[in-house]
file query30.txt (compact mmCIF, C-alpha atoms and all ligand atoms)
# COMPACT_ATOMS: atom_id res chain seq x y z
CA MET Y 234 -27.15 -6.85 17.53
CA ASP Y 235 -25.03 -5.48 20.34
CA GLY Y 236 -21.21 -5.64 20.18
CA THR Y 237 -20.91 -9.02 21.87
CA GLN Y 238 -23.51 -10.63 19.62
CA LEU Y 239 -21.88 -9.13 16.55
CA LYS Y 240 -18.45 -10.53 17.46
CA GLN Y 241 -19.96 -13.95 18.15
CA ALA Y 242 -21.83 -13.94 14.84
CA ALA Y 243 -18.60 -12.90 13.06
CA GLN Y 244 -16.70 -15.79 14.61
CA MET Y 245 -19.45 -18.22 13.59
CA ASN Y 246 -19.95 -16.93 10.06
CA ILE Y 247 -16.73 -15.39 8.75
CA CYS Y 248 -13.54 -17.28 7.84
CA GLN Y 249 -11.06 -16.62 10.62
CA THR Y 250 -8.26 -15.15 8.47
CA TYR Y 251 -7.75 -12.08 10.68
CA ALA Y 252 -6.81 -11.77 14.35
CA ARG Y 253 -9.21 -8.89 14.90
CA HIS Y 254 -9.07 -6.24 17.59
CA ASP Y 255 -11.94 -6.19 20.05
CA LEU Y 256 -13.67 -3.25 18.39
CA VAL Y 257 -16.82 -2.70 16.33
CA LEU Y 258 -16.61 0.45 14.22
CA VAL Y 259 -19.76 2.12 12.98
CA ARG Y 260 -18.87 5.58 11.63
CA GLY Y 261 -15.96 7.66 10.38
CA SER Y 262 -15.19 11.29 9.58
CA GLY Y 263 -11.78 12.73 8.73
CA CYS Y 264 -9.23 11.06 11.02
CA ARG Y 265 -11.90 10.03 13.52
CA LEU Y 266 -13.81 6.77 13.97
CA TRP Y 267 -16.59 5.85 16.37
CA ASP Y 268 -17.39 2.47 17.89
CA ALA Y 269 -20.80 0.95 18.60
CA ASP Y 270 -20.87 2.60 22.06
CA GLY Y 271 -20.28 6.06 20.61
CA ARG Y 272 -16.64 6.16 21.76
CA GLU Y 273 -14.30 8.21 19.54
CA TYR Y 274 -10.93 7.04 18.20
CA LEU Y 275 -8.21 8.92 16.38
CA ASP Y 276 -7.19 6.75 13.44
CA PHE Y 277 -3.50 6.30 12.59
CA VAL Y 278 -4.17 3.14 10.54
CA GLY Y 279 -6.40 4.66 7.85
CA GLY Y 280 -7.61 1.21 6.77
CA ILE Y 281 -3.88 0.40 6.29
CA ALA Y 282 -2.85 3.29 4.04
CA VAL Y 283 -6.19 3.29 2.19
CA CYS Y 284 -8.24 6.26 3.43
CA ASN Y 285 -5.64 8.88 2.48
CA LEU Y 286 -8.26 11.64 2.24
CA GLY Y 287 -9.81 10.62 5.56
CA HIS Y 288 -13.05 8.81 6.26
CA CYS Y 289 -16.16 9.70 4.27
CA PRO Y 290 -15.17 13.08 2.76
CA ASP Y 291 -18.30 14.90 1.51
CA ASP Y 292 -17.00 15.58 -2.00
CA LEU Y 293 -16.20 11.89 -2.64
CA ALA Y 294 -19.55 10.82 -1.18
CA GLU Y 295 -21.21 13.27 -3.57
CA VAL Y 296 -19.36 11.87 -6.62
CA LEU Y 297 -20.18 8.32 -5.52
CA TYR Y 298 -23.86 9.12 -5.07
CA ARG Y 299 -24.15 10.94 -8.38
CA GLN Y 300 -22.35 8.17 -10.30
CA ALA Y 301 -24.41 5.46 -8.52
CA ARG Y 302 -27.57 7.05 -9.90
CA HIS Y 303 -26.02 7.45 -13.34
CA LEU Y 304 -24.13 4.24 -14.24
CA VAL Y 305 -22.57 1.67 -11.88
CA HIS Y 306 -21.33 -1.16 -14.08
CA VAL Y 307 -21.47 -2.34 -17.65
CA SER Y 308 -18.57 -4.49 -18.81
CA ASN Y 309 -15.15 -3.83 -20.23
CA LEU Y 310 -16.69 -4.91 -23.53
CA TYR Y 311 -17.80 -1.24 -23.71
CA TYR Y 312 -16.22 2.16 -23.15
CA THR Y 313 -17.15 4.29 -20.14
CA GLU Y 314 -15.99 7.83 -19.61
CA PRO Y 315 -14.86 7.73 -15.92
CA GLN Y 316 -12.51 4.81 -16.68
CA VAL Y 317 -10.92 6.64 -19.62
CA ARG Y 318 -10.61 9.84 -17.59
CA LEU Y 319 -8.85 7.99 -14.75
CA ALA Y 320 -6.48 6.27 -17.18
CA GLU Y 321 -5.64 9.65 -18.72
CA LEU Y 322 -5.03 11.17 -15.29
CA LEU Y 323 -2.75 8.26 -14.31
CA THR Y 324 -0.69 8.27 -17.51
CA GLY Y 325 -0.57 12.07 -17.42
CA SER Y 326 0.95 12.05 -13.94
CA SER Y 327 3.38 9.14 -14.23
CA PHE Y 328 6.00 7.44 -16.43
CA ALA Y 329 3.26 5.23 -17.88
CA ASP Y 330 1.45 5.19 -21.25
CA LYS Y 331 -1.11 2.45 -20.50
CA VAL Y 332 -3.20 1.28 -17.55
CA PHE Y 333 -4.93 -2.01 -16.71
CA PHE Y 334 -7.66 -1.75 -14.06
CA CYS Y 335 -8.52 -4.39 -11.47
CA ASN Y 336 -9.79 -4.49 -7.90
CA SER Y 337 -6.94 -4.97 -5.46
CA GLY Y 338 -3.21 -4.84 -4.90
CA ALA Y 339 -2.81 -8.57 -5.38
CA GLU Y 340 -4.64 -8.39 -8.71
CA ALA Y 341 -2.51 -5.46 -9.85
CA ASN Y 342 0.61 -7.50 -9.06
CA GLU Y 343 -0.88 -10.55 -10.80
CA ALA Y 344 -1.32 -8.41 -13.91
CA ALA Y 345 2.29 -7.19 -13.61
CA ILE Y 346 3.62 -10.75 -13.25
CA LYS Y 347 1.57 -12.00 -16.20
CA LEU Y 348 2.63 -9.06 -18.36
CA ALA Y 349 6.33 -9.52 -17.49
CA ARG Y 350 6.14 -13.22 -18.39
CA LYS Y 351 4.31 -12.62 -21.65
CA TYR Y 352 6.59 -9.76 -22.70
CA SER Y 353 9.65 -11.88 -22.00
CA ARG Y 354 8.24 -14.94 -23.75
CA GLU Y 355 7.57 -12.96 -26.93
CA ARG Y 356 10.95 -11.28 -26.86
CA HIS Y 357 13.20 -14.10 -25.66
CA GLY Y 358 11.21 -17.32 -26.00
CA ALA Y 359 10.26 -19.88 -23.34
CA GLY Y 360 12.22 -20.46 -20.13
CA ARG Y 361 12.88 -16.82 -19.25
CA TYR Y 362 10.07 -16.26 -16.73
CA GLY Y 363 11.85 -15.87 -13.36
CA ILE Y 364 11.25 -12.80 -11.21
CA ILE Y 365 13.59 -11.59 -8.49
CA THR Y 366 11.76 -10.22 -5.44
CA MET Y 367 12.98 -9.11 -2.01
CA LYS Y 368 13.08 -10.78 1.37
CA ALA Y 369 10.48 -9.34 3.77
CA SER Y 370 8.49 -8.02 0.80
CA PHE Y 371 4.72 -8.18 0.54
CA HIS Y 372 2.86 -8.47 -2.75
CA GLY Y 373 -0.50 -10.09 -1.91
CA ARG Y 374 -2.28 -13.33 -1.04
CA THR Y 375 -3.19 -14.92 -4.38
CA MET Y 376 -1.06 -17.90 -5.41
CA ALA Y 377 1.28 -15.93 -7.68
CA THR Y 378 1.58 -12.91 -5.38
CA LEU Y 379 2.11 -14.96 -2.23
CA SER Y 380 4.80 -16.80 -4.16
CA ALA Y 381 6.32 -13.42 -5.07
CA THR Y 382 6.24 -12.40 -1.41
CA GLY Y 383 9.59 -13.04 0.30
CA GLN Y 384 8.17 -14.30 3.60
CA GLU Y 385 7.98 -17.95 4.61
CA LYS Y 386 5.00 -17.40 6.90
CA VAL Y 387 2.95 -16.23 3.91
CA HIS Y 388 3.94 -19.37 1.92
CA HIS Y 389 3.37 -21.84 4.74
CA GLY Y 390 0.79 -24.51 3.94
CA PHE Y 391 0.18 -23.34 0.37
CA GLU Y 392 3.06 -25.13 -1.35
CA PRO Y 393 3.77 -25.88 -4.12
CA LEU Y 394 4.34 -22.22 -4.88
CA VAL Y 395 4.10 -20.69 -8.34
CA ASP Y 396 7.43 -21.39 -10.01
CA GLY Y 397 10.11 -18.84 -10.80
CA PHE Y 398 10.39 -16.45 -7.83
CA HIS Y 399 13.82 -15.81 -6.32
CA TYR Y 400 14.22 -13.88 -3.06
CA VAL Y 401 17.21 -11.68 -2.32
CA GLU Y 402 18.07 -9.25 0.46
CA PHE Y 403 16.30 -5.86 0.22
CA ASP Y 404 18.44 -2.76 -0.41
CA ASN Y 405 21.26 -4.85 -1.89
CA VAL Y 406 21.80 -4.45 -5.64
CA ASP Y 407 24.75 -6.86 -5.67
CA ALA Y 408 22.44 -9.60 -4.38
CA VAL Y 409 20.06 -8.91 -7.27
CA ALA Y 410 22.93 -8.92 -9.80
CA ALA Y 411 24.18 -12.24 -8.41
CA ALA Y 412 20.72 -13.81 -8.82
CA VAL Y 413 20.29 -12.79 -12.48
CA ASP Y 414 20.72 -15.62 -14.97
CA GLY Y 415 19.16 -16.62 -18.30
CA THR Y 416 15.86 -17.55 -16.61
CA ILE Y 417 15.12 -14.10 -15.13
CA CYS Y 418 12.77 -11.62 -16.82
CA ALA Y 419 12.04 -9.03 -14.13
CA VAL Y 420 12.80 -7.49 -10.74
CA LEU Y 421 9.85 -6.68 -8.48
CA VAL Y 422 10.42 -4.28 -5.58
CA GLU Y 423 8.59 -1.98 -3.18
CA PRO Y 424 10.31 1.46 -3.22
CA ILE Y 425 9.74 1.38 0.56
CA GLN Y 426 8.81 -1.88 2.27
CA GLY Y 427 5.55 -1.35 4.16
CA GLU Y 428 4.50 -4.68 5.69
CA GLY Y 429 8.21 -5.51 6.01
CA GLY Y 430 8.54 -2.84 8.70
CA VAL Y 431 8.74 0.57 6.96
CA ARG Y 432 12.16 -0.14 5.44
CA ILE Y 433 13.60 2.71 3.37
CA PRO Y 434 16.45 1.71 1.06
CA GLY Y 435 19.58 3.77 0.49
CA PRO Y 436 19.34 6.77 -1.86
CA ASP Y 437 20.89 5.11 -4.93
CA TYR Y 438 19.11 1.74 -4.64
CA LEU Y 439 16.44 2.31 -7.29
CA ALA Y 440 18.89 4.03 -9.65
CA ARG Y 441 21.30 1.10 -9.43
CA LEU Y 442 18.45 -1.40 -9.90
CA ARG Y 443 17.30 0.58 -12.94
CA ARG Y 444 20.80 0.46 -14.45
CA LEU Y 445 21.13 -3.28 -13.81
CA CYS Y 446 17.70 -3.99 -15.33
CA SER Y 447 18.45 -1.92 -18.43
CA GLU Y 448 21.84 -3.60 -18.91
CA ARG Y 449 20.41 -7.11 -18.56
CA ASP Y 450 17.16 -6.40 -20.44
CA LEU Y 451 15.00 -7.05 -17.37
CA LEU Y 452 11.73 -5.33 -16.54
CA LEU Y 453 11.77 -3.23 -13.38
CA ILE Y 454 8.46 -3.45 -11.52
CA TYR Y 455 7.56 -1.17 -8.61
CA ASP Y 456 4.88 -2.28 -6.18
CA GLU Y 457 3.52 1.10 -5.03
CA VAL Y 458 0.30 -0.40 -3.67
CA GLN Y 459 1.04 0.94 -0.18
CA VAL Y 460 3.47 3.83 -0.67
CA GLY Y 461 1.93 5.36 -3.81
CA MET Y 462 -0.89 7.93 -3.90
CA GLY Y 463 0.77 10.67 -1.89
CA ARG Y 464 1.75 8.59 1.12
CA THR Y 465 5.40 9.69 1.04
CA GLY Y 466 4.76 13.31 0.06
CA ALA Y 467 5.21 12.58 -3.64
CA LEU Y 468 2.38 11.20 -5.76
CA PHE Y 469 4.48 8.03 -6.20
CA ALA Y 470 7.26 7.05 -3.79
CA HIS Y 471 9.84 6.44 -6.52
CA GLU Y 472 9.61 10.10 -7.60
CA HIS Y 473 11.85 10.97 -4.64
CA GLU Y 474 14.59 9.01 -6.45
CA GLY Y 475 13.62 10.21 -9.92
CA VAL Y 476 13.97 6.70 -11.33
CA GLY Y 477 11.03 5.26 -13.25
CA PRO Y 478 10.07 1.59 -13.68
CA ASP Y 479 8.72 -0.36 -16.66
CA ILE Y 480 5.65 -1.44 -14.69
CA MET Y 481 4.05 -0.03 -11.52
CA THR Y 482 1.17 -1.32 -9.43
CA LEU Y 483 -1.29 0.74 -7.38
CA ALA Y 484 -4.30 -0.07 -5.24
CA LYS Y 485 -4.90 0.78 -1.58
CA ALA Y 486 -5.49 4.57 -1.58
CA LEU Y 487 -6.49 4.95 -5.23
CA GLY Y 488 -10.21 4.68 -4.36
CA ASN Y 489 -9.91 6.05 -0.79
CA GLY Y 490 -11.65 2.85 0.37
CA LEU Y 491 -13.49 1.74 -2.76
CA PRO Y 492 -11.84 -1.39 -4.17
CA ILE Y 493 -9.62 -0.59 -7.14
CA GLY Y 494 -6.22 -1.68 -8.39
CA ALA Y 495 -4.21 -0.55 -11.38
CA MET Y 496 -1.18 -1.76 -13.30
CA LEU Y 497 0.64 0.93 -15.24
CA THR Y 498 3.22 0.38 -17.95
CA THR Y 499 4.86 1.78 -21.07
CA ASN Y 500 3.49 1.40 -24.61
CA HIS Y 501 6.39 -0.86 -25.53
CA VAL Y 502 5.74 -3.36 -22.71
CA ALA Y 503 1.94 -3.05 -22.92
CA GLU Y 504 2.04 -4.43 -26.48
CA ALA Y 505 2.49 -7.92 -25.02
CA PHE Y 506 -1.12 -7.75 -23.78
CA THR Y 507 -3.67 -8.24 -26.57
CA PRO Y 508 -7.45 -8.86 -26.45
CA GLY Y 509 -7.90 -12.08 -24.47
CA SER Y 510 -4.54 -11.90 -22.61
CA HIS Y 511 -6.02 -10.69 -19.34
CA ALA Y 512 -9.33 -9.41 -17.98
CA SER Y 513 -11.37 -8.40 -14.97
CA THR Y 514 -15.16 -8.23 -14.71
CA PHE Y 515 -15.17 -5.41 -12.15
CA GLY Y 516 -11.89 -3.78 -13.21
CA GLY Y 517 -12.38 -0.03 -13.62
CA THR Y 518 -16.17 0.22 -13.20
CA PRO Y 519 -17.59 3.71 -13.78
CA LEU Y 520 -18.65 3.86 -10.12
CA VAL Y 521 -15.20 3.27 -8.68
CA THR Y 522 -13.20 5.13 -11.32
CA ALA Y 523 -15.41 8.25 -11.01
CA VAL Y 524 -14.41 8.42 -7.34
CA ALA Y 525 -10.75 7.55 -8.04
CA CYS Y 526 -10.53 10.49 -10.49
CA GLU Y 527 -11.46 12.85 -7.64
CA VAL Y 528 -9.02 11.12 -5.27
CA LEU Y 529 -6.17 11.43 -7.76
CA LYS Y 530 -6.93 15.10 -8.51
CA ARG Y 531 -6.94 16.01 -4.83
CA ILE Y 532 -3.79 14.06 -3.97
CA SER Y 533 -1.83 15.32 -7.00
CA ASP Y 534 -2.21 18.92 -5.83
CA PRO Y 535 1.36 20.10 -5.06
CA THR Y 536 0.13 22.05 -2.00
CA PHE Y 537 -1.45 18.86 -0.63
CA LEU Y 538 1.74 16.85 -1.20
CA GLU Y 539 3.88 19.61 0.31
CA ARG Y 540 1.78 19.42 3.48
CA VAL Y 541 2.25 15.63 3.68
CA LEU Y 542 6.01 16.27 3.78
CA THR Y 543 5.74 19.00 6.43
CA VAL Y 544 3.36 17.07 8.68
CA GLY Y 545 5.35 13.86 8.16
CA ALA Y 546 8.58 15.59 9.21
CA TYR Y 547 6.81 16.95 12.29
CA PHE Y 548 5.49 13.47 13.15
CA LYS Y 549 8.95 11.92 12.82
CA GLU Y 550 10.47 14.64 15.00
CA ARG Y 551 7.90 14.09 17.74
CA LEU Y 552 8.46 10.32 17.63
CA GLN Y 553 12.22 10.86 17.82
CA ALA Y 554 11.72 13.01 20.92
CA LEU Y 555 9.71 10.13 22.37
CA GLN Y 556 12.56 7.77 21.48
CA ALA Y 557 14.99 10.02 23.39
CA LYS Y 558 12.66 9.85 26.40
CA HIS Y 559 12.19 6.04 26.24
CA PRO Y 560 15.50 4.63 24.94
CA ARG Y 561 14.79 1.45 26.90
CA LEU Y 562 11.83 0.66 24.61
CA VAL Y 563 12.46 2.42 21.30
CA HIS Y 564 15.13 1.27 18.87
CA GLU Y 565 14.60 3.51 15.83
CA VAL Y 566 12.21 5.89 14.07
CA ARG Y 567 12.15 5.97 10.27
CA GLY Y 568 9.77 7.23 7.64
CA ARG Y 569 9.09 9.32 4.59
CA GLY Y 570 6.10 11.62 4.45
CA LEU Y 571 3.28 9.93 6.33
CA ILE Y 572 4.48 6.36 6.40
CA VAL Y 573 6.37 6.30 9.65
CA GLY Y 574 7.73 3.32 11.56
CA MET Y 575 8.88 3.12 15.16
CA GLU Y 576 10.91 0.00 15.80
CA LEU Y 577 10.67 -1.14 19.40
CA LYS Y 578 12.99 -3.33 21.42
CA VAL Y 579 9.91 -5.26 22.59
CA PRO Y 580 6.82 -6.66 20.81
CA GLY Y 581 4.40 -3.86 19.90
CA LYS Y 582 1.07 -5.56 20.55
CA ASP Y 583 0.72 -4.26 24.14
CA VAL Y 584 1.32 -0.71 22.92
CA VAL Y 585 -1.35 -1.17 20.23
CA ARG Y 586 -3.83 -2.45 22.84
CA ARG Y 587 -3.07 0.32 25.34
CA CYS Y 588 -3.41 3.00 22.65
CA GLN Y 589 -6.80 1.59 21.69
CA GLU Y 590 -7.91 1.85 25.33
CA LEU Y 591 -6.76 5.47 25.25
CA GLY Y 592 -8.75 6.12 22.03
CA PHE Y 593 -6.05 5.78 19.34
CA LEU Y 594 -5.84 3.18 16.56
CA ILE Y 595 -2.31 2.23 15.57
CA ASN Y 596 -0.86 -0.80 13.80
CA CYS Y 597 2.09 -3.09 14.42
CA THR Y 598 3.91 -5.04 11.70
CA VAL Y 599 6.73 -7.61 11.86
CA ASP Y 600 6.03 -7.93 15.61
CA THR Y 601 8.13 -4.97 16.81
CA VAL Y 602 7.50 -2.12 14.36
CA LEU Y 603 4.70 0.34 15.08
CA ARG Y 604 3.61 1.48 11.63
CA PHE Y 605 1.76 4.78 11.34
CA VAL Y 606 -0.12 5.32 8.07
CA PRO Y 607 -2.82 7.86 9.04
CA PRO Y 608 -5.06 9.71 6.60
CA LEU Y 609 -2.85 12.30 4.86
CA ILE Y 610 -5.10 15.06 6.21
CA VAL Y 611 -3.95 14.41 9.80
CA SER Y 612 -3.10 17.60 11.72
CA GLU Y 613 -0.17 18.48 13.98
CA ALA Y 614 -2.62 18.75 16.90
CA GLU Y 615 -3.87 15.19 16.24
CA ILE Y 616 -0.27 13.97 16.10
CA ASP Y 617 0.40 15.69 19.45
CA ARG Y 618 -2.51 13.79 20.98
CA LEU Y 619 -1.15 10.46 19.73
CA ILE Y 620 2.32 11.30 21.06
CA ARG Y 621 0.84 11.89 24.54
CA ALA Y 622 -0.95 8.50 24.38
CA LEU Y 623 2.23 6.71 23.29
CA ASP Y 624 4.12 8.46 26.09
CA THR Y 625 1.53 7.17 28.58
CA ALA Y 626 1.73 3.64 27.16
CA PHE Y 627 5.55 3.61 27.20
CA SER Y 628 5.70 5.07 30.75
CA GLU Y 629 3.54 2.19 32.03
CA MET Y 630 5.77 -0.49 30.47
C1 LIG Y 701 -1.54 -4.37 0.68
C2 LIG Y 701 -0.47 -4.66 -0.29
C3 LIG Y 701 -0.66 -5.56 -1.36
C4 LIG Y 701 -1.91 -6.39 -1.50
O1 LIG Y 701 -3.02 -5.61 -1.72
P1 LIG Y 701 -4.50 -6.29 -1.58
O2 LIG Y 701 -5.41 -5.19 -2.02
O3 LIG Y 701 -4.67 -6.66 -0.14
O4 LIG Y 701 -4.53 -7.47 -2.47
C5 LIG Y 701 0.36 -5.71 -2.28
N1 LIG Y 701 1.50 -5.02 -2.16
C6 LIG Y 701 1.72 -4.16 -1.16
C7 LIG Y 701 3.02 -3.42 -1.09
C8 LIG Y 701 0.75 -3.96 -0.18
O5 LIG Y 701 0.98 -3.12 0.84

call {"tool": "encode", "arguments": {"input": "query30.txt", "output": "structure tokens"}}
result
Amino acid sequence: MDGTQLKQAAQMNICQTYARHDLVLVRGSGCRLWDADGREYLDFVGGIAVCNLGHCPDDLAEVLYRQARHLVHVSNLYYTEPQVRLAELLTGSSFADKVFFCNSGAEANEAAIKLARKYSRERHGAGRYGIITMKASFHGRTMATLSATGQEKVHHGFEPLVDGFHYVEFDNVDAVAAAVDGTICAVLVEPIQGEGGVRIPGPDYLARLRRLCSERDLLLIYDEVQVGMGRTGALFAHEHEGVGPDIMTLAKALGNGLPIGAMLTTNHVAEAFTPGSHASTFGGTPLVTAVACEVLKRISDPTFLERVLTVGAYFKERLQALQAKHPRLVHEVRGRGLIVGMELKVPGKDVVRRCQELGFLINCTVDTVLRFVPPLIVSEAEIDRLIRALDTAFSEM
């Protein structure tokens, strides 16, 4: 199949849930991707904050191959060593005591929502199942997680929503406090909003949320699906604030591209889950968890995380210089580590298209925010090349 045939066959055979770019990708290595014609692209999307260690690193391929020949899947009716090792690594490097494994961000959030409801029901009885979430948040596409998502366009057409979600303004603790009543059991928040446009809350936001939740006996849930796993220069984004949650969800980069999600919690809260409460056929297979162990070990390395901060600061500086050169087009640059947003005064889709023509993959969210979430191994020289492409694109506009 050539590129044209492939795109036609995709349109005929695949549900049209994505507005895809006109690009067929066939190979990846590090921060580079190649299309079907052998053309090279520098990747600042990273599968949307998934391939944090770059495309197809040899050591992960080796672990995957070895585990594939050893044991791929049994069932969670039995113990397997890679799953236990990953759980130990996760609890050993976070606030958490217990982990539930699943296959995606949405499923991790589903587990968090179910656990919060069950915990609250056992502690306070029926009727206390509401969860406060934030406007412009993103938590997934299943019925419960789309209902948790504070965006009308994600709800549209799928009503009635799952009951009990209440949306308040992001980065506003008073709005959360005002929404708490006897029906609320938890607050669900992204430490940095990713899909919502790389929105970084004020420095005391999480601390004040933590205090409110403790005072009102609410569970605090962090959705770190996008900003966890080293993205911000800390293993988990909330570490910058030093304020832990009761429940945290992970997915995207945990398998560097293999599907895995995880819900982490404390012993006290985890007690609400008992055999039969929740399950997942594929959750935490030896194949995927063997690879995730390697991913977590590499990303937890303080030297690695330090470099994410240094390179991220460099990236932000270079984008700010570009903003100074193109004030007509650029409104703001914001970011932490290697999640960096550039808010434009115009829609970003033409910039995305022009960059692709120039050999650079970038992403645009909420219409006007260019969101850069490259592999965390990106170099200063690669950033310089992207800056030159953006400069070209902006100069032509
Ligand atoms: C991507 C994302 C999800 C959903 O993850 P899926 O794996 O697509 O289900 C949930 N929360 C956040 C913050 C995300 O970025």

call {"tool": "closest_atom_pairs", "arguments": {"input": "query30.txt", "of": "chain Y", "to": "ligand LIG 701 (chain Y)", "cutoff": "8 Å", "atoms": "all atoms listed in the file", "output": "Markdown table"}}
result
| residue | atom | partner | partner_atom | distance |
| --- | --- | --- | --- | --- |
| Y:Ile281 | CA | Y:LIG701 | C1 | 7.7 |
| Y:Asn336 | CA | Y:LIG701 | O2 | 7.4 |
| Y:Ser337 | CA | Y:LIG701 | O2 | 3.8 |
| Y:Gly338 | CA | Y:LIG701 | O1 | 3.3 |
| Y:Ala339 | CA | Y:LIG701 | O4 | 3.6 |
| Y:Glu340 | CA | Y:LIG701 | O4 | 6.3 |
| Y:Ala341 | CA | Y:LIG701 | O4 | 7.9 |
| Y:Asn342 | CA | Y:LIG701 | C5 | 7.0 |
| Y:Ser370 | CA | Y:LIG701 | C7 | 7.4 |
| Y:Phe371 | CA | Y:LIG701 | N1 | 5.3 |
| Y:His372 | CA | Y:LIG701 | C5 | 3.8 |
| Y:Gly373 | CA | Y:LIG701 | C4 | 4.0 |
| Y:Arg374 | CA | Y:LIG701 | O4 | 6.4 |
| Y:Thr375 | CA | Y:LIG701 | O4 | 7.8 |
| Y:Thr378 | CA | Y:LIG701 | C5 | 7.9 |
| Y:Glu423 | CA | Y:LIG701 | C7 | 6.1 |
| Y:Gln426 | CA | Y:LIG701 | C7 | 6.9 |
| Y:Gly427 | CA | Y:LIG701 | O5 | 5.9 |
| Y:Glu428 | CA | Y:LIG701 | O5 | 6.2 |
| Y:Asp456 | CA | Y:LIG701 | C7 | 5.5 |
| Y:Glu457 | CA | Y:LIG701 | C7 | 6.0 |
| Y:Val458 | CA | Y:LIG701 | C6 | 4.7 |
| Y:Gln459 | CA | Y:LIG701 | O5 | 4.2 |
| Y:Val460 | CA | Y:LIG701 | C7 | 7.3 |
| Y:Ala484 | CA | Y:LIG701 | O2 | 6.1 |
| Y:Lys485 | CA | Y:LIG701 | O2 | 6.0 |
| Y:Pro492 | CA | Y:LIG701 | O2 | 7.8 |
| Y:Gly494 | CA | Y:LIG701 | O2 | 7.3 |

call {"tool": "residues_around", "arguments": {"input": "query30.txt", "residues": "Arg618 (chain Y)", "least_positions_apart": "4", "cutoff": "10 Å", "atoms": "only C-alpha atoms", "output": "list in words"}}
result
Leu275, Gly592, Phe593, Glu613, Ala614, Ala622, Leu623 and Asp624 of chain Y

call {"tool": "residues_near_point", "arguments": {"input": "query30.txt", "point": "(-4.6, 15.2, 12.9)", "cutoff": "12 Å", "atoms": "only C-alpha atoms", "output": "PyMOL selection string"}}
result
chain Y and resi 262-265+274-277+279+286-287+541+544-545+547-548+571+593+606-620

call {"tool": "closest_residue", "arguments": {"input": "query30.txt", "among": "Y:Arg551, Y:Arg350, Y:Arg567, Y:Arg432", "to": "Val420 (chain Y)", "atoms": "only C-alpha atoms"}}
result
Y:Arg350

call {"tool": "residues_near_point", "arguments": {"input": "query30.txt", "point": "(11.4, 5.7, -5.9)", "cutoff": "7 Å", "atoms": "all atoms listed in the file", "output": "ChimeraX atom specification"}}
result
/Y:424,439,470-476

call {"tool": "axis_aligned_box", "arguments": {"input": "query30.txt", "around": "region 559-568 of chain Y", "padding_each_side": "6 Å", "output": "JSON"}}
result
{"center_x": 12.6, "center_y": 3.9, "center_z": 17.3, "size_x": 17.7, "size_y": 18.6, "size_z": 31.3}

call {"tool": "atom_distance", "arguments": {"input": "query30.txt", "atom1": "CA of Glu550 (chain Y)", "atom2": "CA of Glu273 (chain Y)"}}
result
26.0 Å

call {"tool": "closest_residue", "arguments": {"input": "query30.txt", "among": "Y:Ala243, Y:Leu258, Y:Cys335, Y:Leu491", "to": "Phe515 (chain Y)", "atoms": "only C-alpha atoms"}}
result
Y:Cys335

call {"tool": "atom_distance", "arguments": {"input": "query30.txt", "atom1": "CA of Met462 (chain Y)", "atom2": "CA of Tyr311 (chain Y)"}}
result
27.6 Å

call {"tool": "residues_around", "arguments": {"input": "query30.txt", "residues": "Val563 (chain Y)", "least_positions_apart": "2", "cutoff": "8 Å", "atoms": "only C-alpha atoms", "output": "mmCIF file with C-alpha atoms, in the coordinates of the input"}}
result
data_model
loop_
_atom_site.group_PDB
_atom_site.id
_atom_site.type_symbol
_atom_site.label_atom_id
_atom_site.label_comp_id
_atom_site.auth_asym_id
_atom_site.auth_seq_id
_atom_site.Cartn_x
_atom_site.Cartn_y
_atom_site.Cartn_z
ATOM 1 C CA GLN Y 556 12.560 7.770 21.480
ATOM 2 C CA HIS Y 559 12.190 6.040 26.240
ATOM 3 C CA PRO Y 560 15.500 4.630 24.940
ATOM 4 C CA ARG Y 561 14.790 1.450 26.900
ATOM 5 C CA GLU Y 565 14.600 3.510 15.830
ATOM 6 C CA MET Y 575 8.880 3.120 15.160
ATOM 7 C CA GLU Y 576 10.910 0.000 15.800
ATOM 8 C CA LEU Y 577 10.670 -1.140 19.400
ATOM 9 C CA LYS Y 578 12.990 -3.330 21.420
#

call {"tool": "residues_around", "arguments": {"input": "query30.txt", "residues": "Ile454 (chain Y)", "least_positions_apart": "5", "cutoff": "9 Å", "atoms": "all atoms listed in the file", "output": "MDAnalysis selection string"}}
result
chainID Y and resid 345:346 349 419:423 478:482

call {"tool": "atom_distance", "arguments": {"input": "query30.txt", "atom1": "CA of Asn405 (chain Y)", "atom2": "CA of Ala377 (chain Y)"}}
result
23.6 Å

call {"tool": "residues_around", "arguments": {"input": "query30.txt", "residues": "region 532-534 of chain Y", "least_positions_apart": "2", "cutoff": "12 Å", "atoms": "only C-alpha atoms", "output": "NGL selection string"}}
result
:Y and (284-287 or 322-323 or 325-327 or 461-469 or 486-489 or 525-530 or 536-541 or 608-610)

call {"tool": "residues_around", "arguments": {"input": "query30.txt", "residues": "Leu451 (chain Y)", "least_positions_apart": "4", "cutoff": "12 Å", "atoms": "all atoms listed in the file", "output": "count of residues only"}}
result
32
